[in-house]
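As provided, model.csv (CSV, C-alpha atoms) reads as follows.
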```csv
chain,number,residue,atom,x,y,z
A,50,MET,CA,-21.5,48.9,-38.9
A,51,LEU,CA,-22.5,45.3,-38.8
A,52,PHE,CA,-22.6,44.8,-42.5
A,53,ALA,CA,-22.2,47.0,-45.6
A,54,TYR,CA,-25.0,47.7,-48.1
A,55,GLN,CA,-24.7,46.6,-51.7
A,56,TYR,CA,-24.8,49.7,-53.9
A,57,ILE,CA,-27.3,49.7,-56.7
A,58,ASN,CA,-27.2,51.5,-60.0
A,59,HIS,CA,-30.4,53.4,-60.7
A,60,SER,CA,-31.6,56.3,-62.9
A,61,MET,CA,-31.6,58.5,-59.7
A,62,GLU,CA,-27.8,58.7,-60.1
A,63,LYS,CA,-28.5,61.1,-63.1
A,64,ILE,CA,-29.1,63.9,-60.6
A,65,GLN,CA,-25.5,63.7,-59.5
A,66,ASP,CA,-24.4,63.5,-63.1
A,67,PHE,CA,-26.4,66.7,-63.7
A,68,ILE,CA,-24.8,68.4,-60.8
A,69,ASP,CA,-21.3,67.3,-62.0
A,70,TYR,CA,-22.1,69.0,-65.3
A,71,ILE,CA,-23.4,72.2,-63.7
A,72,PHE,CA,-20.3,72.4,-61.5
A,73,TYR,CA,-17.6,71.7,-64.1
A,74,GLU,CA,-19.2,72.9,-67.3
A,75,VAL,CA,-21.3,75.9,-66.1
A,76,TRP,CA,-19.9,77.2,-62.9
A,77,CYS,CA,-16.2,76.5,-63.3
A,78,LYS,CA,-16.2,77.9,-66.9
A,79,ALA,CA,-18.1,81.0,-65.8
A,80,PRO,CA,-15.0,83.3,-66.0
A,81,THR,CA,-14.6,82.5,-69.7
A,82,CYS,CA,-18.3,83.1,-70.5
A,83,THR,CA,-19.9,86.4,-71.4
A,84,ASP,CA,-23.4,85.7,-70.0
A,85,TYR,CA,-25.4,82.9,-68.4
A,86,SER,CA,-27.8,81.2,-70.8
A,87,PHE,CA,-29.4,77.8,-71.5
A,88,ASP,CA,-26.9,77.4,-74.3
A,89,LEU,CA,-24.4,76.4,-71.6
A,90,TYR,CA,-26.3,73.1,-71.4
A,91,ASN,CA,-26.1,72.2,-75.1
A,92,ASN,CA,-23.7,69.4,-74.4
A,93,LYS,CA,-26.2,67.9,-71.8
A,94,PRO,CA,-29.5,67.8,-73.7
A,95,GLU,CA,-31.5,66.1,-70.9
A,96,LEU,CA,-30.4,68.7,-68.3
A,97,LYS,CA,-31.1,71.5,-70.8
A,98,GLU,CA,-34.7,70.1,-71.1
A,99,VAL,CA,-35.0,70.2,-67.3
A,100,VAL,CA,-33.8,73.7,-66.8
A,101,THR,CA,-35.9,74.9,-69.8
A,102,ALA,CA,-39.0,73.2,-68.4
A,103,PHE,CA,-38.4,74.7,-65.0
A,104,HIS,CA,-38.1,78.2,-66.6
A,105,TYR,CA,-41.5,78.0,-68.2
A,106,SER,CA,-43.4,76.0,-65.6
A,107,SER,CA,-42.9,78.6,-62.8
A,108,THR,CA,-42.9,76.1,-59.9
A,109,LYS,CA,-41.4,77.3,-56.7
A,110,GLU,CA,-38.7,74.6,-56.5
A,111,GLY,CA,-37.9,74.8,-60.2
A,112,ASP,CA,-37.5,78.6,-60.0
A,113,PHE,CA,-35.2,78.1,-57.0
A,114,PHE,CA,-33.1,75.6,-58.8
A,115,ASN,CA,-32.6,77.8,-61.9
A,116,ALA,CA,-32.2,81.0,-60.0
A,117,LYS,CA,-29.6,79.6,-57.6
A,118,ILE,CA,-27.5,78.1,-60.4
A,119,GLU,CA,-27.4,81.5,-62.1
A,120,GLU,CA,-26.6,83.2,-58.8
A,121,ILE,CA,-23.7,80.8,-58.2
A,122,PHE,CA,-22.5,81.2,-61.8
A,123,LEU,CA,-22.2,85.0,-61.3
A,124,ILE,CA,-20.1,84.4,-58.2
A,125,PHE,CA,-17.8,81.9,-60.0
A,126,LYS,CA,-17.4,84.6,-62.7
A,127,THR,CA,-15.5,86.7,-60.2
A,128,LEU,CA,-13.1,84.0,-59.1
A,129,ASN,CA,-9.5,83.6,-60.3
A,130,PRO,CA,-8.0,80.4,-61.7
A,131,ASP,CA,-6.4,79.3,-58.4
A,132,GLU,CA,-9.7,79.7,-56.6
A,133,ILE,CA,-11.5,77.6,-59.3
A,134,CYS,CA,-8.8,75.0,-59.1
A,135,GLN,CA,-9.2,74.8,-55.3
A,136,LEU,CA,-13.0,74.3,-55.7
A,137,LYS,CA,-12.4,71.5,-58.2
A,138,ILE,CA,-10.2,69.7,-55.7
A,139,TRP,CA,-12.8,70.1,-52.9
A,140,TYR,CA,-15.6,69.0,-55.2
A,141,LEU,CA,-13.7,65.8,-56.3
A,142,SER,CA,-12.7,65.0,-52.7
A,143,ASN,CA,-16.1,65.5,-51.1
A,144,ASN,CA,-17.6,63.1,-53.7
A,145,ASN,CA,-15.0,60.4,-52.9
A,146,ILE,CA,-17.0,59.1,-50.0
A,147,LYS,CA,-15.1,55.8,-49.7
A,148,GLY,CA,-11.7,57.7,-49.6
A,149,LEU,CA,-13.0,60.1,-47.0
A,150,CYS,CA,-14.3,57.3,-44.8
A,151,ASN,CA,-11.0,55.5,-45.1
A,152,ASN,CA,-9.1,58.7,-44.1
A,153,ASP,CA,-7.1,58.4,-47.4
A,154,PRO,CA,-4.4,61.1,-47.0
A,155,THR,CA,-4.8,62.1,-50.6
A,156,VAL,CA,-8.5,62.9,-50.1
A,157,ALA,CA,-9.1,65.9,-47.9
A,158,PRO,CA,-12.7,66.9,-47.0
A,159,SER,CA,-13.8,70.5,-47.3
A,160,THR,CA,-16.6,72.2,-45.3
A,161,TYR,CA,-18.8,75.2,-46.0
A,162,SER,CA,-16.6,77.1,-43.7
A,163,ASP,CA,-13.6,76.4,-46.0
A,164,VAL,CA,-15.6,77.7,-49.0
A,165,THR,CA,-16.7,80.8,-47.0
A,166,GLN,CA,-13.1,81.6,-46.3
A,167,LEU,CA,-12.4,81.5,-50.0
A,168,ASN,CA,-15.5,83.5,-50.8
A,169,ALA,CA,-18.1,84.4,-48.3
A,170,GLY,CA,-21.0,84.8,-50.8
A,171,LEU,CA,-20.2,81.5,-52.4
A,172,GLY,CA,-20.2,79.5,-49.2
A,173,ASN,CA,-23.6,80.8,-48.3
A,174,ALA,CA,-25.1,80.3,-51.8
A,175,LEU,CA,-23.7,76.8,-52.2
A,176,LYS,CA,-25.1,75.8,-48.7
A,177,ILE,CA,-28.6,76.9,-49.6
A,178,PHE,CA,-28.5,75.2,-53.0
A,179,PHE,CA,-27.1,71.9,-51.9
A,180,ILE,CA,-29.2,71.5,-48.7
A,181,ARG,CA,-32.4,72.2,-50.6
A,182,LEU,CA,-31.3,70.1,-53.6
A,183,TYR,CA,-32.1,67.0,-51.6
A,184,SER,CA,-35.8,67.7,-51.1
A,185,LYS,CA,-38.9,65.8,-52.2
A,186,ASP,CA,-40.5,68.9,-53.6
A,187,LEU,CA,-37.7,69.4,-56.0
A,188,LEU,CA,-36.9,65.8,-56.9
A,189,SER,CA,-40.5,64.9,-57.5
A,190,LEU,CA,-41.1,67.7,-60.1
A,191,LYS,CA,-42.2,66.0,-63.3
A,192,ALA,CA,-39.7,67.7,-65.5
A,193,LEU,CA,-36.9,66.2,-63.3
A,194,SER,CA,-38.5,62.9,-62.2
A,195,ASP,CA,-39.2,62.0,-65.8
A,196,LYS,CA,-35.4,61.9,-66.3
A,197,ILE,CA,-34.2,60.4,-63.0
A,198,GLY,CA,-37.2,58.6,-61.6
A,199,LEU,CA,-38.4,58.9,-58.0
A,200,ILE,CA,-36.6,58.2,-54.8
A,201,ASP,CA,-39.4,55.8,-53.6
A,202,GLU,CA,-38.6,53.7,-56.7
A,203,HIS,CA,-34.9,53.8,-55.8
A,204,TYR,CA,-35.8,52.6,-52.3
A,205,LYS,CA,-37.8,49.6,-53.6
A,206,GLU,CA,-35.0,48.5,-55.9
A,207,PHE,CA,-32.5,49.0,-53.1
A,208,VAL,CA,-34.3,46.8,-50.5
A,209,LYS,CA,-34.8,44.1,-53.2
A,210,LYS,CA,-31.0,43.8,-53.4
A,211,ASN,CA,-30.4,44.4,-49.7
A,212,LYS,CA,-32.6,41.8,-48.1
A,213,LYS,CA,-31.2,41.5,-44.6
A,214,GLY,CA,-34.2,43.5,-43.3
A,215,LYS,CA,-32.2,45.1,-40.4
A,216,CYS,CA,-30.5,48.4,-40.1
A,217,PRO,CA,-26.8,47.8,-40.7
A,218,PHE,CA,-25.8,50.6,-38.4
A,219,CYS,CA,-27.3,49.0,-35.3
A,220,GLY,CA,-28.8,45.6,-36.1
A,221,LEU,CA,-31.6,46.3,-33.7
A,222,TYR,CA,-34.4,47.7,-35.8
A,223,ASP,CA,-36.1,46.5,-39.0
A,224,ILE,CA,-35.7,48.3,-42.3
A,225,ASP,CA,-39.0,48.6,-44.3
A,226,ASN,CA,-39.1,46.3,-47.3
A,227,GLU,CA,-40.7,46.7,-50.7
A,228,TYR,CA,-44.0,45.3,-49.6
A,229,VAL,CA,-45.0,48.2,-47.4
A,230,HIS,CA,-45.9,51.7,-48.5
A,231,THR,CA,-43.6,53.4,-46.0
A,232,ARG,CA,-39.8,53.5,-46.3
A,233,GLU,CA,-36.8,54.5,-44.2
A,234,ALA,CA,-35.2,57.8,-44.5
A,235,TYR,CA,-31.9,58.1,-46.4
A,236,ASP,CA,-29.1,59.3,-44.0
A,237,HIS,CA,-26.6,61.8,-45.3
A,238,TYR,CA,-23.5,60.0,-43.9
A,239,LEU,CA,-21.5,63.2,-44.5
A,240,PRO,CA,-24.0,65.7,-43.1
A,241,LYS,CA,-25.3,68.0,-45.8
A,242,SER,CA,-25.3,70.9,-43.4
A,243,LYS,CA,-21.5,70.7,-43.1
A,244,TYR,CA,-20.1,69.2,-46.3
A,245,PRO,CA,-20.8,70.8,-49.7
A,246,PHE,CA,-21.2,69.1,-53.1
A,247,SER,CA,-22.3,65.6,-51.9
A,248,SER,CA,-25.9,66.1,-50.8
A,249,ILE,CA,-27.3,64.1,-53.8
A,250,ASN,CA,-24.5,61.6,-54.1
A,251,PHE,CA,-26.1,58.2,-53.5
A,252,LYS,CA,-22.8,56.8,-52.2
A,253,ASN,CA,-23.4,59.3,-49.3
A,254,LEU,CA,-27.0,58.3,-48.9
A,255,ALA,CA,-28.1,55.1,-47.1
A,256,PRO,CA,-31.4,53.9,-45.7
A,257,ILE,CA,-31.2,53.9,-41.9
A,258,CYS,CA,-33.6,53.3,-39.0
A,259,ASN,CA,-35.1,56.3,-37.2
A,260,LYS,CA,-33.3,55.4,-33.9
A,261,CYS,CA,-29.9,55.6,-35.7
A,262,ASN,CA,-30.8,58.6,-37.8
A,263,SER,CA,-32.8,61.1,-35.7
A,264,GLY,CA,-32.2,59.5,-32.3
A,265,ASN,CA,-28.4,59.1,-32.4
A,266,LYS,CA,-26.4,60.3,-35.4
A,267,GLY,CA,-28.2,63.4,-36.4
A,268,THR,CA,-25.6,65.8,-37.7
A,269,LYS,CA,-22.6,64.1,-36.0
A,270,ASP,CA,-19.5,64.1,-38.2
A,271,PRO,CA,-18.1,60.7,-39.1
A,272,LEU,CA,-14.9,62.3,-40.5
A,273,HIS,CA,-13.7,64.2,-37.4
A,274,ASP,CA,-13.8,63.6,-33.7
A,275,THR,CA,-15.0,66.2,-31.2
A,276,ASP,CA,-11.5,67.8,-31.1
A,277,GLY,CA,-11.6,68.2,-34.9
A,278,ASN,CA,-9.1,65.4,-35.6
A,279,ARG,CA,-9.5,63.3,-38.8
A,280,ARG,CA,-10.6,59.7,-38.2
A,281,LYS,CA,-11.6,56.5,-40.0
A,282,SER,CA,-15.3,55.6,-40.3
A,283,PHE,CA,-17.2,52.6,-41.8
A,284,TYR,CA,-18.2,53.1,-45.4
A,285,ALA,CA,-21.8,52.1,-46.1
A,286,TYR,CA,-21.0,50.5,-49.5
A,287,ASN,CA,-17.7,48.8,-48.7
A,288,SER,CA,-17.2,46.0,-51.2
A,289,ILE,CA,-15.2,43.9,-48.6
A,290,PRO,CA,-17.5,42.7,-45.8
A,291,TYR,CA,-16.7,44.0,-42.3
A,292,THR,CA,-16.1,41.2,-39.8
A,293,LEU,CA,-16.7,42.5,-36.3
A,294,GLU,CA,-16.1,40.8,-33.0
A,295,ILE,CA,-18.6,41.7,-30.3
A,296,GLY,CA,-18.0,40.3,-26.8
A,297,LEU,CA,-20.6,40.4,-24.0
A,298,THR,CA,-20.0,39.6,-20.4
A,299,LEU,CA,-22.6,39.5,-17.6
A,300,ASN,CA,-21.1,40.5,-14.3
A,301,SER,CA,-24.2,39.5,-12.3
A,302,ASN,CA,-26.2,36.2,-12.0
A,303,ASP,CA,-29.3,38.2,-11.0
A,304,ILE,CA,-30.7,38.2,-14.6
A,305,ALA,CA,-34.2,39.5,-13.5
A,306,ASN,CA,-32.6,42.7,-12.1
A,307,LEU,CA,-29.9,43.1,-14.7
A,308,THR,CA,-28.8,46.8,-15.3
A,309,PRO,CA,-26.3,48.3,-17.8
A,310,GLN,CA,-23.7,48.5,-15.0
A,311,ASN,CA,-23.8,44.7,-14.8
A,312,ILE,CA,-22.7,44.3,-18.5
A,313,THR,CA,-19.4,44.6,-20.3
A,314,ILE,CA,-19.3,44.9,-24.0
A,315,THR,CA,-16.1,44.7,-26.1
A,316,PHE,CA,-15.6,45.4,-29.8
A,317,GLY,CA,-13.0,44.1,-32.2
A,318,PRO,CA,-10.9,43.3,-34.1
A,319,ASP,CA,-8.1,45.8,-33.3
A,320,SER,CA,-7.5,46.4,-37.0
A,321,LEU,CA,-10.9,48.2,-37.0
A,322,ALA,CA,-10.4,49.9,-33.7
A,323,GLU,CA,-10.7,53.5,-35.1
A,324,GLU,CA,-13.8,52.7,-37.2
A,325,LEU,CA,-15.4,50.9,-34.2
A,326,LYS,CA,-14.8,53.9,-32.0
A,327,THR,CA,-16.4,56.2,-34.6
A,328,TRP,CA,-19.3,53.8,-35.0
A,329,ASN,CA,-20.0,53.7,-31.3
A,330,GLU,CA,-19.8,57.5,-31.0
A,331,LEU,CA,-22.1,58.2,-34.0
A,332,PHE,CA,-24.8,55.7,-33.1
A,333,GLY,CA,-24.5,55.1,-29.3
A,334,ILE,CA,-23.9,51.4,-29.9
A,335,GLU,CA,-22.6,50.4,-26.5
A,336,GLU,CA,-25.3,52.2,-24.6
A,337,ARG,CA,-28.1,50.8,-26.9
A,338,TYR,CA,-26.7,47.2,-26.8
A,339,LYS,CA,-26.5,47.3,-23.0
A,340,ALA,CA,-30.1,48.6,-22.8
A,341,LYS,CA,-31.2,45.9,-25.2
A,342,CYS,CA,-29.6,43.3,-22.9
A,343,CYS,CA,-31.7,44.6,-20.0
A,344,SER,CA,-35.0,44.5,-21.9
A,345,ALA,CA,-37.6,41.8,-21.1
A,346,ASP,CA,-37.1,39.8,-24.3
A,347,ALA,CA,-33.3,39.7,-23.9
A,348,LYS,CA,-33.7,38.6,-20.2
A,349,TYR,CA,-36.0,35.9,-21.3
A,350,TRP,CA,-33.5,34.8,-24.0
A,351,ILE,CA,-30.6,34.7,-21.5
A,352,THR,CA,-32.7,32.7,-19.0
A,353,GLN,CA,-33.6,30.3,-21.7
A,354,ILE,CA,-29.9,29.8,-22.6
A,355,LEU,CA,-29.0,29.2,-19.0
A,356,ASP,CA,-31.9,26.8,-18.3
A,357,GLU,CA,-31.7,24.8,-21.6
A,358,ASP,CA,-28.2,25.0,-22.8
A,359,GLY,CA,-26.1,26.2,-19.8
A,360,GLU,CA,-23.4,23.6,-20.4
A,361,LYS,CA,-22.8,24.6,-24.0
A,362,SER,CA,-20.4,27.2,-25.2
A,363,PRO,CA,-21.8,30.2,-27.0
A,364,ILE,CA,-20.7,28.8,-30.4
A,365,GLU,CA,-22.3,25.4,-29.7
A,366,PHE,CA,-25.5,27.1,-28.5
A,367,LEU,CA,-25.8,29.2,-31.7
A,368,SER,CA,-24.9,26.3,-33.9
A,369,SER,CA,-27.7,24.2,-32.3
A,370,ARG,CA,-30.3,27.1,-32.8
A,371,LEU,CA,-29.2,27.6,-36.4
A,372,ALA,CA,-29.2,23.9,-37.4
```

Show the structure stored in the file as structure tokens.
Amino acid sequence: MLFAYQYINHSMEKIQDFIDYIFYEVWCKAPTCTDYSFDLYNNKPELKEVVTAFHYSSTKEGDFFNAKIEEIFLIFKTLNPDEICQLKIWYLSNNNIKGLCNNDPTVAPSTYSDVTQLNAGLGNALKIFFIRLYSKDLLSLKALSDKIGLIDEHYKEFVKKNKKGKCPFCGLYDIDNEYVHTREAYDHYLPKSKYPFSSINFKNLAPICNKCNSGNKGTKDPLHDTDGNRRKSFYAYNSIPYTLEIGLTLNSNDIANLTPQNITITFGPDSLAEELKTWNELFGIEERYKAKCCSADAKYWITQILDEDGEKSPIEFLSSRLA
């Protein structure tokens, strides 16, 4: 990616805190509990207020939330200590988004297929729960939003801190700012349809333009190539800026009739070769950049450079325009 986002702290993070509690203090302790009850939430008063309110309000999404937690609790109740331990390892790893993107050998991702092999009923129940967990209908329920806020509020705070105004995954399209009523979708960098436990982790969520999201990435896997091999990927909230080298060579002087076949694009540095390859595969960068170079506005810009500053080097030209 062209630049990393700055992560923001916001009350929306409480939903991940709630899920952490449910996983460790409710589900993982199920084998030692006699029955499921709201007393299991005594050490998390805000969450207890939410599940209690859902119980009495009889909303569709609130009923789903409570019922699925209890269903998964009953499955956990049948698991042995080794199985619980394995699930804890998977939960911890799948929420270490940075470690997964860096292909840290101590952080191994798990998929719903892995959970299903451990327990078929659990894999299916967790997938239904975590996919639906990230839904506007659930997150906007008053009993929950009173505690965590609204995702639209998170977005406004986010773009106030991240002011570049361009999608960092392509650099081609604008990102809506806080002054318009619309907002960009949050991409699940680790697809929520494949990876359990991280569907509401905001380090796995990043605003992204529609062309990158729906048009290119979709459910592509940033952690594995098409042969299933682990690989490195850019981390959306990396604290150290990425410094990329993008070279463009025109292999034709006929600018008016320029086609992608007349363009060579290179990416560097070599130290980021694996991340760059993943980036290109996920977002179709080379194809989209070549297409952009063949667009009318790009051809006009190239012609302007040749006509007005043809004797200058690229660095000199850019320096003169930025002065």

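Across A:Gly170, A:Gly198, A:Pro240, A:Pro245, the tightest approach to Lys137 of chain A is made by A:Pro245 when counting all atoms listed in the file.
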
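Checking A:Thr101, A:Asn302, A:Thr313, A:Asn129 one by one against Leu193 of chain A, counting all atoms listed in the file, you find the shortest gap at A:Thr101.
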
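One distance worth recording is that between atom CA of Lys196 of chain A and atom CA of Glu98 of chain A, which is 9.5 Å.
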
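Across the model, the gap from atom CA of Ile124 of chain A to atom CA of Ser142 of chain A is 21.5 Å.
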
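Taking all atoms listed in the file into account, the protein, DNA and RNA residues within 10 Å of (-20.7, 81.3, -58.9) read Phe72, Val75, Trp76, Cys77, Lys78, Ala79, Pro80, Lys117, Ile118, Glu119, Glu120, Ile121, Phe122, Leu123, Ile124, Phe125, Lys126, Thr127, Leu128, Ile133, Asn168, Gly170, Leu171, Gly172, Ala174 and Leu175 of chain A.
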
Take the residues from that selection and write them out as a PDB file, keeping the file's coordinate frame, keeping C-alpha atoms.
```
ATOM      1  CA  PHE A  72     -20.300  72.400 -61.500  1.00  0.00           C
ATOM      2  CA  VAL A  75     -21.300  75.900 -66.100  1.00  0.00           C
ATOM      3  CA  TRP A  76     -19.900  77.200 -62.900  1.00  0.00           C
ATOM      4  CA  CYS A  77     -16.200  76.500 -63.300  1.00  0.00           C
ATOM      5  CA  LYS A  78     -16.200  77.900 -66.900  1.00  0.00           C
ATOM      6  CA  ALA A  79     -18.100  81.000 -65.800  1.00  0.00           C
ATOM      7  CA  PRO A  80     -15.000  83.300 -66.000  1.00  0.00           C
ATOM      8  CA  LYS A 117     -29.600  79.600 -57.600  1.00  0.00           C
ATOM      9  CA  ILE A 118     -27.500  78.100 -60.400  1.00  0.00           C
ATOM     10  CA  GLU A 119     -27.400  81.500 -62.100  1.00  0.00           C
ATOM     11  CA  GLU A 120     -26.600  83.200 -58.800  1.00  0.00           C
ATOM     12  CA  ILE A 121     -23.700  80.800 -58.200  1.00  0.00           C
ATOM     13  CA  PHE A 122     -22.500  81.200 -61.800  1.00  0.00           C
ATOM     14  CA  LEU A 123     -22.200  85.000 -61.300  1.00  0.00           C
ATOM     15  CA  ILE A 124     -20.100  84.400 -58.200  1.00  0.00           C
ATOM     16  CA  PHE A 125     -17.800  81.900 -60.000  1.00  0.00           C
ATOM     17  CA  LYS A 126     -17.400  84.600 -62.700  1.00  0.00           C
ATOM     18  CA  THR A 127     -15.500  86.700 -60.200  1.00  0.00           C
ATOM     19  CA  LEU A 128     -13.100  84.000 -59.100  1.00  0.00           C
ATOM     20  CA  ILE A 133     -11.500  77.600 -59.300  1.00  0.00           C
ATOM     21  CA  ASN A 168     -15.500  83.500 -50.800  1.00  0.00           C
ATOM     22  CA  GLY A 170     -21.000  84.800 -50.800  1.00  0.00           C
ATOM     23  CA  LEU A 171     -20.200  81.500 -52.400  1.00  0.00           C
ATOM     24  CA  GLY A 172     -20.200  79.500 -49.200  1.00  0.00           C
ATOM     25  CA  ALA A 174     -25.100  80.300 -51.800  1.00  0.00           C
ATOM     26  CA  LEU A 175     -23.700  76.800 -52.200  1.00  0.00           C
TER      27      LEU A 175
END
```

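Between atom CA of Cys150 of chain A and atom CA of Glu132 of chain A there is a distance of 25.7 Å.
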
*Using only C-alpha atoms, pick whichever of A:Thr81, A:His273, A:Tyr291, A:Ala234 has the shortest atom-to-atom distance to Pro130 of chain A.*
A:Thr81

*Near Lys210 of chain A, within 9 Å and counting all atoms listed in the file, which residues show up once chain neighbours fewer than 4 positions away are dropped, as an MDAnalysis selection string?*
chainID A and resid 54:57 205:206

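Nearest to Ile68 of chain A of all the residues A:Ala255, A:Leu182, A:Leu221, A:Leu51 is A:Leu182, based on only C-alpha atoms.
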
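Taking all atoms listed in the file into account, Phe283 of chain A lies nearest to A:Met50 out of the set A:Ala345, A:Ala305, A:Met50, A:Ala116.
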
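Compared by their closest atoms to Asn253 of chain A, and using all atoms listed in the file, the residues A:Ile177, A:Leu190, A:Ala285, A:Ile224 rank with A:Ala285 nearest.
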
*Mind checking which residues fall within 12 Å of Leu272 of chain A, counting only C-alpha atoms, ignoring those fewer than 6 positions away in the same chain, and posting them as an MDAnalysis selection string?*
chainID A and resid 143 146:153 156:160 238:240 243:244 278:284 323:324 326:328 330:331

*asked:* Need the shell around Glu294 of chain A: protein/DNA/RNA residues with any atom at most 9 Å away, counting only C-alpha atoms. Skip same-chain ones fewer than 3 positions apart. Format as a count of residues only?
replied: 4

Residues near Asp195 of chain A, cut-off 12 Å, all atoms listed in the file, skip fewer than 3 positions along chain, as a tab-separated table (two decimals) with C-alpha atoms, keeping the file's coordinate frame:
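Wrote out.tsv, looks like this:
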```tsv
chain	number	residue	atom	x	y	z
A	60	SER	CA	-31.60	56.30	-62.90
A	61	MET	CA	-31.60	58.50	-59.70
A	63	LYS	CA	-28.50	61.10	-63.10
A	64	ILE	CA	-29.10	63.90	-60.60
A	95	GLU	CA	-31.50	66.10	-70.90
A	96	LEU	CA	-30.40	68.70	-68.30
A	98	GLU	CA	-34.70	70.10	-71.10
A	99	VAL	CA	-35.00	70.20	-67.30
A	102	ALA	CA	-39.00	73.20	-68.40
A	188	LEU	CA	-36.90	65.80	-56.90
A	189	SER	CA	-40.50	64.90	-57.50
A	190	LEU	CA	-41.10	67.70	-60.10
A	191	LYS	CA	-42.20	66.00	-63.30
A	192	ALA	CA	-39.70	67.70	-65.50
A	198	GLY	CA	-37.20	58.60	-61.60
A	199	LEU	CA	-38.40	58.90	-58.00
A	200	ILE	CA	-36.60	58.20	-54.80
```
